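Trainee: First the structure, which I've put down as structure tokens, then a few questions once you've had a look.
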Amino acid sequence: MEGDLMAENVAGIGVGPYAELIFDSDGDADRATYGPVERMEATDLLVFAHGWNSDRSTSTRLYDRFFAPFPGLVGPGVRLGYVGVVWPSIRFADEPIPDFDPPGALAEPGFGTALDPATRRALGEFWPGCGAELDRVAELLEERPESAEAFTEFGALVRRLAGVDGGSAAASQEVPALFAGDAVEVCRSLALALVEAGGPAPGGCGGDGRGLTVGGGLRGLWGGAKELLRQASYYQMKKRAGVVGERGLGPVLAELAAARPALRVHLIGHSFGARLVSFSLRAVPDGARYVTSLTLLQGAFSHYAFCARLPHDKGHGGALRGLQRRVDGPVVACHSPYDSALKVFYPLASRMAGDSAGLLGFDERWGAIGHDGVQAVPGAPRLSLDGALRGGLPTSGCVSVDAGSVVRRGGAPSGAHSDICHAELAELVVVAGRMGR
């Protein structure tokens, strides 16, 4: 009972009824959080999963800000219930988030190489039992030694943290080249990507990063080394998001639908949270119609996820091929050209994870759905945000919506990736779910 009361009265949320569904890294639900959701007196349930750059406080503020416009947008016959999905993520505290951090933080990208105390604590919680490795990683990022041996040591530490250091856990999986490649060259590629994403060139480098090319000094590559550490956390969170969606959120929603068959569920996800809610579709029984819409905000997963046949490999489809048919409404993929995380780093990391040879350039083959929308799904329309709000959305299937008119603010290295708290995007969810006035 105490857990139920805590879930029903989450501080800082201005709409109601609101509750949270809490999952661990294996997708196991905190059952104390299920009761308040089941008891909600609602016709329509908004279920929102946060992305990677979140801690508990940030996700609660995100839900409060994003949900705020909904009461004024829905029709008189709609009674909304609000659910925040909380799953183990990580916050790099030195990376500003629009609306949540001081305005000056956006104007001056201050992502130096040293780990700030809040990020170091978050990494310790994300990788428990790895204090010695993290201490040495922090020491190297602080000192920035100009030696190839230091980068080799750093790469080995990151591999250990990511669980791909050649042990038994890694033996059964292919190790991405991002972690298996030469550490100096990987860090150089990531340092150049930071410059491309709008970050400051390291001291001694030209504004275009010329000093980072072959023949330049090594000290300027430690910004790329810190990005490699960040990518190691992304690598694990990407896998975790799929697990929590398929084994956690999906079965919980199926159970809820069995108990409340008239309830309509509207799934919303940001970044890796978009991957999470999408993978929850794997647990939707055939013929079930309780998921009424799916809105993906800057989704950090493949733009080919829903396609039946990959353009570069006709024998295989996307990881979620055909699952859009389990949604009794549209699957809406919002994308923005101002999202540097998905424009620059997602394809770079994906390209490094396998052979990039083929007919398509790596930006096409390895692109994210939050960068350029749904790809290779026949008949999937592409709309502007204004066009979608004025003219409506398809009643089923995939649709891409260019949200760059509002998703456009943010500092390096992620750009506008987290700039999602806009009334227009809330209205888009209402349109997708056919909940409007």
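Note on naming: chains are A, B, ... as they come in the structure tokens, residues start from 1 per chain, ligands start from 1 in the order shown.
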Based on DSSP run over this structure's backbone, return all residues of stretch 284-420 of chain A in strand (DSSP E or B), as a PyMOL selection string.

Mentor: chain A and resi 291-297+302+310+313+330-335+339+368+382-384+397-402+415

Trainee: Applying 7 Å and only C-alpha atoms, which residues near A:Leu263 remain after dropping the ones on its own chain fewer than 5 positions away? List them as a PyMOL selection string.

Mentor: chain A and resi 43-44+257+290

Trainee: Show which residues sit within 6 Å of stretch 370-386 of chain A, as a PyMOL selection string. Count only C-alpha atoms, and ignore same-chain residues fewer than 3 positions away.

Mentor: chain A and resi 298-299+303-304+307+333+335-336+342-343+389+398-403

Trainee: Take the residues just selected and output them with all heavy atoms as a tab-separated table (two decimals), in the first residue's frame.

Mentor:
chain	number	residue	atom	x	y	z
A	298	GLN	N	12.44	11.86	-31.74
A	298	GLN	CA	13.89	11.76	-31.94
A	298	GLN	C	14.37	10.36	-31.57
A	298	GLN	O	15.30	10.17	-30.79
A	298	GLN	CB	14.62	12.83	-31.13
A	298	GLN	CG	14.19	14.26	-31.46
A	298	GLN	CD	14.18	14.53	-32.96
A	298	GLN	OE1	13.14	14.78	-33.55
A	298	GLN	NE2	15.34	14.44	-33.60
A	299	GLY	N	13.75	9.36	-32.18
A	299	GLY	CA	14.04	7.97	-31.87
A	299	GLY	C	15.47	7.57	-32.20
A	299	GLY	O	15.94	7.79	-33.32
A	303	HIS	N	16.37	3.67	-38.84
A	303	HIS	CA	15.24	4.11	-39.66
A	303	HIS	C	14.68	2.98	-40.53
A	303	HIS	O	13.64	3.16	-41.16
A	303	HIS	CB	15.62	5.32	-40.52
A	303	HIS	CG	16.82	5.15	-41.41
A	303	HIS	ND1	17.46	6.21	-42.01
A	303	HIS	CD2	17.51	4.04	-41.82
A	303	HIS	CE1	18.46	5.79	-42.75
A	303	HIS	NE2	18.50	4.47	-42.65
A	304	TYR	N	15.34	1.85	-40.54
A	304	TYR	CA	14.84	0.68	-41.26
A	304	TYR	C	14.11	-0.30	-40.33
A	304	TYR	O	13.76	-1.41	-40.74
A	304	TYR	CB	15.98	-0.07	-41.94
A	304	TYR	CG	16.66	0.69	-43.05
A	304	TYR	CD1	18.05	0.70	-43.15
A	304	TYR	CD2	15.93	1.38	-44.01
A	304	TYR	CE1	18.69	1.39	-44.18
A	304	TYR	CE2	16.56	2.08	-45.02
A	304	TYR	CZ	17.95	2.07	-45.11
A	304	TYR	OH	18.57	2.76	-46.12
A	307	CYS	N	10.86	-1.89	-41.64
A	307	CYS	CA	10.77	-2.33	-43.04
A	307	CYS	C	10.81	-3.86	-43.16
A	307	CYS	O	11.41	-4.55	-42.32
A	307	CYS	CB	11.88	-1.69	-43.88
A	307	CYS	SG	13.51	-2.42	-43.69
A	333	ALA	N	6.86	8.99	-36.55
A	333	ALA	CA	8.29	9.17	-36.28
A	333	ALA	C	8.65	10.63	-36.50
A	333	ALA	O	8.72	11.11	-37.63
A	333	ALA	CB	9.12	8.28	-37.20
A	335	HIS	N	11.25	13.65	-36.59
A	335	HIS	CA	12.69	13.77	-36.83
A	335	HIS	C	13.05	15.23	-37.03
A	335	HIS	O	12.18	16.08	-37.32
A	335	HIS	CB	13.09	12.95	-38.06
A	335	HIS	CG	12.35	13.29	-39.32
A	335	HIS	ND1	12.86	14.17	-40.26
A	335	HIS	CD2	11.15	12.89	-39.80
A	335	HIS	CE1	11.99	14.28	-41.27
A	335	HIS	NE2	10.95	13.51	-41.01
A	336	SER	N	14.34	15.54	-36.87
A	336	SER	CA	14.81	16.91	-36.99
A	336	SER	C	16.23	16.94	-37.52
A	336	SER	O	17.08	16.17	-37.06
A	336	SER	CB	14.76	17.62	-35.63
A	336	SER	OG	15.43	18.87	-35.68
A	342	LEU	N	21.88	12.25	-33.42
A	342	LEU	CA	21.43	11.26	-34.38
A	342	LEU	C	22.01	11.50	-35.77
A	342	LEU	O	22.19	10.56	-36.54
A	342	LEU	CB	19.90	11.24	-34.44
A	342	LEU	CG	19.20	10.90	-33.13
A	342	LEU	CD1	17.70	10.84	-33.33
A	342	LEU	CD2	19.72	9.60	-32.53
A	343	LYS	N	22.31	12.73	-36.10
A	343	LYS	CA	22.87	13.06	-37.41
A	343	LYS	C	24.34	12.64	-37.52
A	343	LYS	O	24.78	12.15	-38.56
A	343	LYS	CB	22.74	14.55	-37.68
A	343	LYS	CG	23.32	15.00	-39.02
A	343	LYS	CD	23.18	16.50	-39.19
A	343	LYS	CE	23.75	16.97	-40.52
A	343	LYS	NZ	23.62	18.44	-40.69
A	389	LEU	N	-0.48	18.77	-38.36
A	389	LEU	CA	-1.43	19.36	-37.42
A	389	LEU	C	-2.64	19.95	-38.12
A	389	LEU	O	-3.75	19.92	-37.60
A	389	LEU	CB	-0.73	20.43	-36.57
A	389	LEU	CG	0.38	19.94	-35.65
A	389	LEU	CD1	1.01	21.09	-34.88
A	389	LEU	CD2	-0.14	18.88	-34.69
A	398	CYS	N	2.96	3.62	-40.86
A	398	CYS	CA	4.04	4.53	-40.48
A	398	CYS	C	3.92	5.87	-41.19
A	398	CYS	O	3.52	5.93	-42.35
A	398	CYS	CB	5.40	3.90	-40.83
A	398	CYS	SG	5.82	2.41	-39.90
A	399	VAL	N	4.30	6.92	-40.50
A	399	VAL	CA	4.34	8.26	-41.08
A	399	VAL	C	5.51	9.01	-40.45
A	399	VAL	O	5.76	8.89	-39.26
A	399	VAL	CB	3.00	9.01	-40.86
A	399	VAL	CG1	2.63	9.06	-39.38
A	399	VAL	CG2	3.07	10.42	-41.44
A	400	SER	N	6.24	9.75	-41.27
A	400	SER	CA	7.36	10.56	-40.79
A	400	SER	C	6.93	12.02	-40.73
A	400	SER	O	6.32	12.53	-41.66
A	400	SER	CB	8.57	10.41	-41.71
A	400	SER	OG	8.97	9.06	-41.79
A	401	VAL	N	7.28	12.69	-39.64
A	401	VAL	CA	6.92	14.09	-39.46
A	401	VAL	C	8.19	14.89	-39.17
A	401	VAL	O	8.88	14.63	-38.18
A	401	VAL	CB	5.91	14.27	-38.32
A	401	VAL	CG1	5.65	15.76	-38.06
A	401	VAL	CG2	4.60	13.56	-38.65
A	402	ASP	N	8.49	15.84	-40.04
A	402	ASP	CA	9.65	16.72	-39.84
A	402	ASP	C	9.29	17.74	-38.77
A	402	ASP	O	8.50	18.66	-39.00
A	402	ASP	CB	10.00	17.42	-41.15
A	402	ASP	CG	11.27	18.25	-41.04
A	402	ASP	OD1	11.70	18.55	-39.91
A	402	ASP	OD2	11.83	18.63	-42.09
A	403	ALA	N	9.89	17.58	-37.59
A	403	ALA	CA	9.61	18.46	-36.45
A	403	ALA	C	10.67	19.53	-36.28
A	403	ALA	O	10.73	20.18	-35.23
A	403	ALA	CB	9.49	17.62	-35.17

Trainee: Check the smallest atom-to-atom distance from each of A:Val406, A:Ala259, A:Ala432, A:Leu348 to A:Gly35 using only C-alpha atoms, then report the winner.

Mentor: A:Ala259

Trainee: Nearest to A:Arg434 among A:Ala29, A:Val277, A:Val74, A:Asp165, with distances taken over only C-alpha atoms: which residue is it?

Mentor: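 Among the listed residues, the smallest separation from A:Arg434 belongs to A:Val74.
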
Trainee: Of the candidates A:Gly27, A:Gly415, A:Gly317, A:Pro337, which shows the shortest atom-to-atom distance to A:Gly250, using only C-alpha atoms?

Mentor: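 Closest to A:Gly250, using only C-alpha atoms: A:Gly27.
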
Trainee: Which residue out of A:Cys130, A:Pro17, A:Val284, A:Val164 has the minimum interatomic distance to A:Ala180 when only C-alpha atoms are used?

Mentor: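 Checking each candidate against A:Ala180, we get A:Val164 as the closest.
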
Trainee: Within 12 Å of stretch 121-125 of chain A, counting only C-alpha atoms, which residues qualify if same-chain residues fewer than 4 places away don't, as a PDB file with N, CA and C atoms, in the first residue's frame?

Mentor:
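Written file, selection-v6.pdb:
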ATOM      1  N   SER A  25      17.053  -3.074 -14.930  1.00  0.00           N
ATOM      2  CA  SER A  25      17.778  -3.225 -16.193  1.00  0.00           C
ATOM      3  C   SER A  25      17.437  -4.513 -16.924  1.00  0.00           C
ATOM      4  N   ASN A  53      19.660  10.389 -21.701  1.00  0.00           N
ATOM      5  CA  ASN A  53      20.293  11.435 -20.887  1.00  0.00           C
ATOM      6  C   ASN A  53      19.362  11.855 -19.760  1.00  0.00           C
ATOM      7  N   SER A  54      18.990  10.913 -18.918  1.00  0.00           N
ATOM      8  CA  SER A  54      18.006  11.173 -17.872  1.00  0.00           C
ATOM      9  C   SER A  54      18.385  10.465 -16.580  1.00  0.00           C
ATOM     10  N   ASP A  55      18.177  11.172 -15.482  1.00  0.00           N
ATOM     11  CA  ASP A  55      18.124  10.523 -14.182  1.00  0.00           C
ATOM     12  C   ASP A  55      16.686  10.645 -13.693  1.00  0.00           C
ATOM     13  N   ARG A  56      16.406  10.201 -12.480  1.00  0.00           N
ATOM     14  CA  ARG A  56      15.025  10.203 -12.001  1.00  0.00           C
ATOM     15  C   ARG A  56      14.445  11.619 -11.970  1.00  0.00           C
ATOM     16  N   PRO A  88      16.469   2.244 -15.888  1.00  0.00           N
ATOM     17  CA  PRO A  88      17.829   2.668 -15.541  1.00  0.00           C
ATOM     18  C   PRO A  88      18.562   3.268 -16.729  1.00  0.00           C
ATOM     19  N   SER A  89      18.743   4.561 -16.698  1.00  0.00           N
ATOM     20  CA  SER A  89      19.442   5.299 -17.733  1.00  0.00           C
ATOM     21  C   SER A  89      20.619   5.998 -17.072  1.00  0.00           C
ATOM     22  N   ILE A  90      21.163   7.010 -17.725  1.00  0.00           N
ATOM     23  CA  ILE A  90      22.305   7.718 -17.153  1.00  0.00           C
ATOM     24  C   ILE A  90      22.295   9.144 -17.655  1.00  0.00           C
ATOM     25  N   ARG A  91      22.695  10.068 -16.801  1.00  0.00           N
ATOM     26  CA  ARG A  91      22.756  11.474 -17.168  1.00  0.00           C
ATOM     27  C   ARG A  91      24.206  11.935 -17.185  1.00  0.00           C
ATOM     28  N   PHE A  92      24.697  12.353 -18.372  1.00  0.00           N
ATOM     29  CA  PHE A  92      25.967  13.049 -18.436  1.00  0.00           C
ATOM     30  C   PHE A  92      25.679  14.503 -18.078  1.00  0.00           C
ATOM     31  N   ALA A  93      25.951  14.879 -16.833  1.00  0.00           N
ATOM     32  CA  ALA A  93      25.480  16.149 -16.297  1.00  0.00           C
ATOM     33  C   ALA A  93      26.114  17.354 -16.979  1.00  0.00           C
ATOM     34  N   ASP A  94      27.217  17.159 -17.711  1.00  0.00           N
ATOM     35  CA  ASP A  94      27.851  18.301 -18.372  1.00  0.00           C
ATOM     36  C   ASP A  94      27.245  18.576 -19.743  1.00  0.00           C
ATOM     37  N   LEU A 115      35.760  14.431 -16.142  1.00  0.00           N
ATOM     38  CA  LEU A 115      34.435  14.015 -15.688  1.00  0.00           C
ATOM     39  C   LEU A 115      34.016  14.888 -14.517  1.00  0.00           C
ATOM     40  N   ASP A 116      32.859  15.541 -14.623  1.00  0.00           N
ATOM     41  CA  ASP A 116      32.359  16.305 -13.490  1.00  0.00           C
ATOM     42  C   ASP A 116      31.864  15.328 -12.418  1.00  0.00           C
ATOM     43  N   PRO A 117      31.793  15.765 -11.166  1.00  0.00           N
ATOM     44  CA  PRO A 117      31.435  14.846 -10.073  1.00  0.00           C
ATOM     45  C   PRO A 117      30.087  14.160 -10.266  1.00  0.00           C
ATOM     46  N   GLY A 129      30.366  -1.732  -9.086  1.00  0.00           N
ATOM     47  CA  GLY A 129      31.488  -2.647  -8.940  1.00  0.00           C
ATOM     48  C   GLY A 129      32.673  -2.323  -9.818  1.00  0.00           C
ATOM     49  N   CYS A 130      32.618  -1.201 -10.539  1.00  0.00           N
ATOM     50  CA  CYS A 130      33.705  -0.837 -11.459  1.00  0.00           C
ATOM     51  C   CYS A 130      34.390   0.453 -11.023  1.00  0.00           C
ATOM     52  N   GLY A 131      34.434   0.668  -9.700  1.00  0.00           N
ATOM     53  CA  GLY A 131      35.006   1.912  -9.195  1.00  0.00           C
ATOM     54  C   GLY A 131      36.453   2.117  -9.592  1.00  0.00           C
ATOM     55  N   ALA A 132      37.272   1.065  -9.548  1.00  0.00           N
ATOM     56  CA  ALA A 132      38.689   1.207  -9.880  1.00  0.00           C
ATOM     57  C   ALA A 132      38.861   1.593 -11.346  1.00  0.00           C
ATOM     58  N   GLU A 133      38.114   0.939 -12.229  1.00  0.00           N
ATOM     59  CA  GLU A 133      38.197   1.267 -13.656  1.00  0.00           C
ATOM     60  C   GLU A 133      37.759   2.714 -13.913  1.00  0.00           C
ATOM     61  N   LEU A 134      36.664   3.129 -13.276  1.00  0.00           N
ATOM     62  CA  LEU A 134      36.173   4.483 -13.485  1.00  0.00           C
ATOM     63  C   LEU A 134      37.123   5.528 -12.913  1.00  0.00           C
ATOM     64  N   ASP A 135      37.758   5.225 -11.800  1.00  0.00           N
ATOM     65  CA  ASP A 135      38.739   6.155 -11.233  1.00  0.00           C
ATOM     66  C   ASP A 135      39.907   6.361 -12.203  1.00  0.00           C
ATOM     67  N   VAL A 137      39.824   5.837 -15.496  1.00  0.00           N
ATOM     68  CA  VAL A 137      39.283   6.551 -16.657  1.00  0.00           C
ATOM     69  C   VAL A 137      39.229   8.046 -16.370  1.00  0.00           C
ATOM     70  N   ALA A 138      38.734   8.417 -15.188  1.00  0.00           N
ATOM     71  CA  ALA A 138      38.643   9.827 -14.816  1.00  0.00           C
ATOM     72  C   ALA A 138      40.025  10.465 -14.732  1.00  0.00           C
ATOM     73  N   VAL A 158      37.497   0.988 -21.220  1.00  0.00           N
ATOM     74  CA  VAL A 158      36.142   1.199 -21.736  1.00  0.00           C
ATOM     75  C   VAL A 158      35.541  -0.126 -22.190  1.00  0.00           C
ATOM     76  N   LEU A 161      34.296  -1.896 -19.178  1.00  0.00           N
ATOM     77  CA  LEU A 161      33.053  -1.304 -18.684  1.00  0.00           C
ATOM     78  C   LEU A 161      31.863  -1.705 -19.552  1.00  0.00           C
ATOM     79  N   ALA A 162      32.077  -1.752 -20.871  1.00  0.00           N
ATOM     80  CA  ALA A 162      30.994  -2.082 -21.795  1.00  0.00           C
ATOM     81  C   ALA A 162      30.705  -3.572 -21.862  1.00  0.00           C
ATOM     82  N   LEU A 229      33.726   6.891 -24.066  1.00  0.00           N
ATOM     83  CA  LEU A 229      33.115   6.480 -22.801  1.00  0.00           C
ATOM     84  C   LEU A 229      31.605   6.671 -22.860  1.00  0.00           C
ATOM     85  N   ARG A 230      31.177   7.789 -23.414  1.00  0.00           N
ATOM     86  CA  ARG A 230      29.748   8.048 -23.559  1.00  0.00           C
ATOM     87  C   ARG A 230      29.111   6.996 -24.461  1.00  0.00           C
ATOM     88  N   ALA A 232      30.076   3.982 -24.873  1.00  0.00           N
ATOM     89  CA  ALA A 232      29.988   2.705 -24.151  1.00  0.00           C
ATOM     90  C   ALA A 232      28.702   2.640 -23.343  1.00  0.00           C
ATOM     91  N   SER A 233      28.319   3.775 -22.738  1.00  0.00           N
ATOM     92  CA  SER A 233      27.052   3.782 -21.999  1.00  0.00           C
ATOM     93  C   SER A 233      25.885   3.686 -22.966  1.00  0.00           C
ATOM     94  N   TYR A 234      25.979   4.353 -24.142  1.00  0.00           N
ATOM     95  CA  TYR A 234      24.923   4.233 -25.156  1.00  0.00           C
ATOM     96  C   TYR A 234      24.751   2.776 -25.579  1.00  0.00           C
TER      97      TYR A 234
END

Trainee: Ranking A:Gly242, A:Gly81, A:Gly220, A:Gly287 by minimum distance to A:Glu38 and counting only C-alpha atoms, which one comes first?

Mentor: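 Distance minimum relative to A:Glu38 lands on A:Gly81.
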
Trainee: Using only C-alpha atoms, which residues sit within 7 Å of A:Arg275 once same-chain residues fewer than 2 positions away are excluded, as number ranges by chain?

Mentor: A: 241-242, 272-273, 277-279, 299-301

Trainee: Which is closest to A:Ile22 among A:Gly248, A:Pro176, A:Pro413, A:Gly322, if we use only C-alpha atoms?

Mentor: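 Answer, going by the shortest atom-to-atom distance: A:Gly248.
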
Trainee: Enumerate the residues of stretch 264-415 of chain A with a DSSP assignment of helix (DSSP H, G or I), computed from the backbone, and present them as a PyMOL selection string.

Mentor: chain A and resi 272-283+323-326+340-352+362-365+369-372+385-391
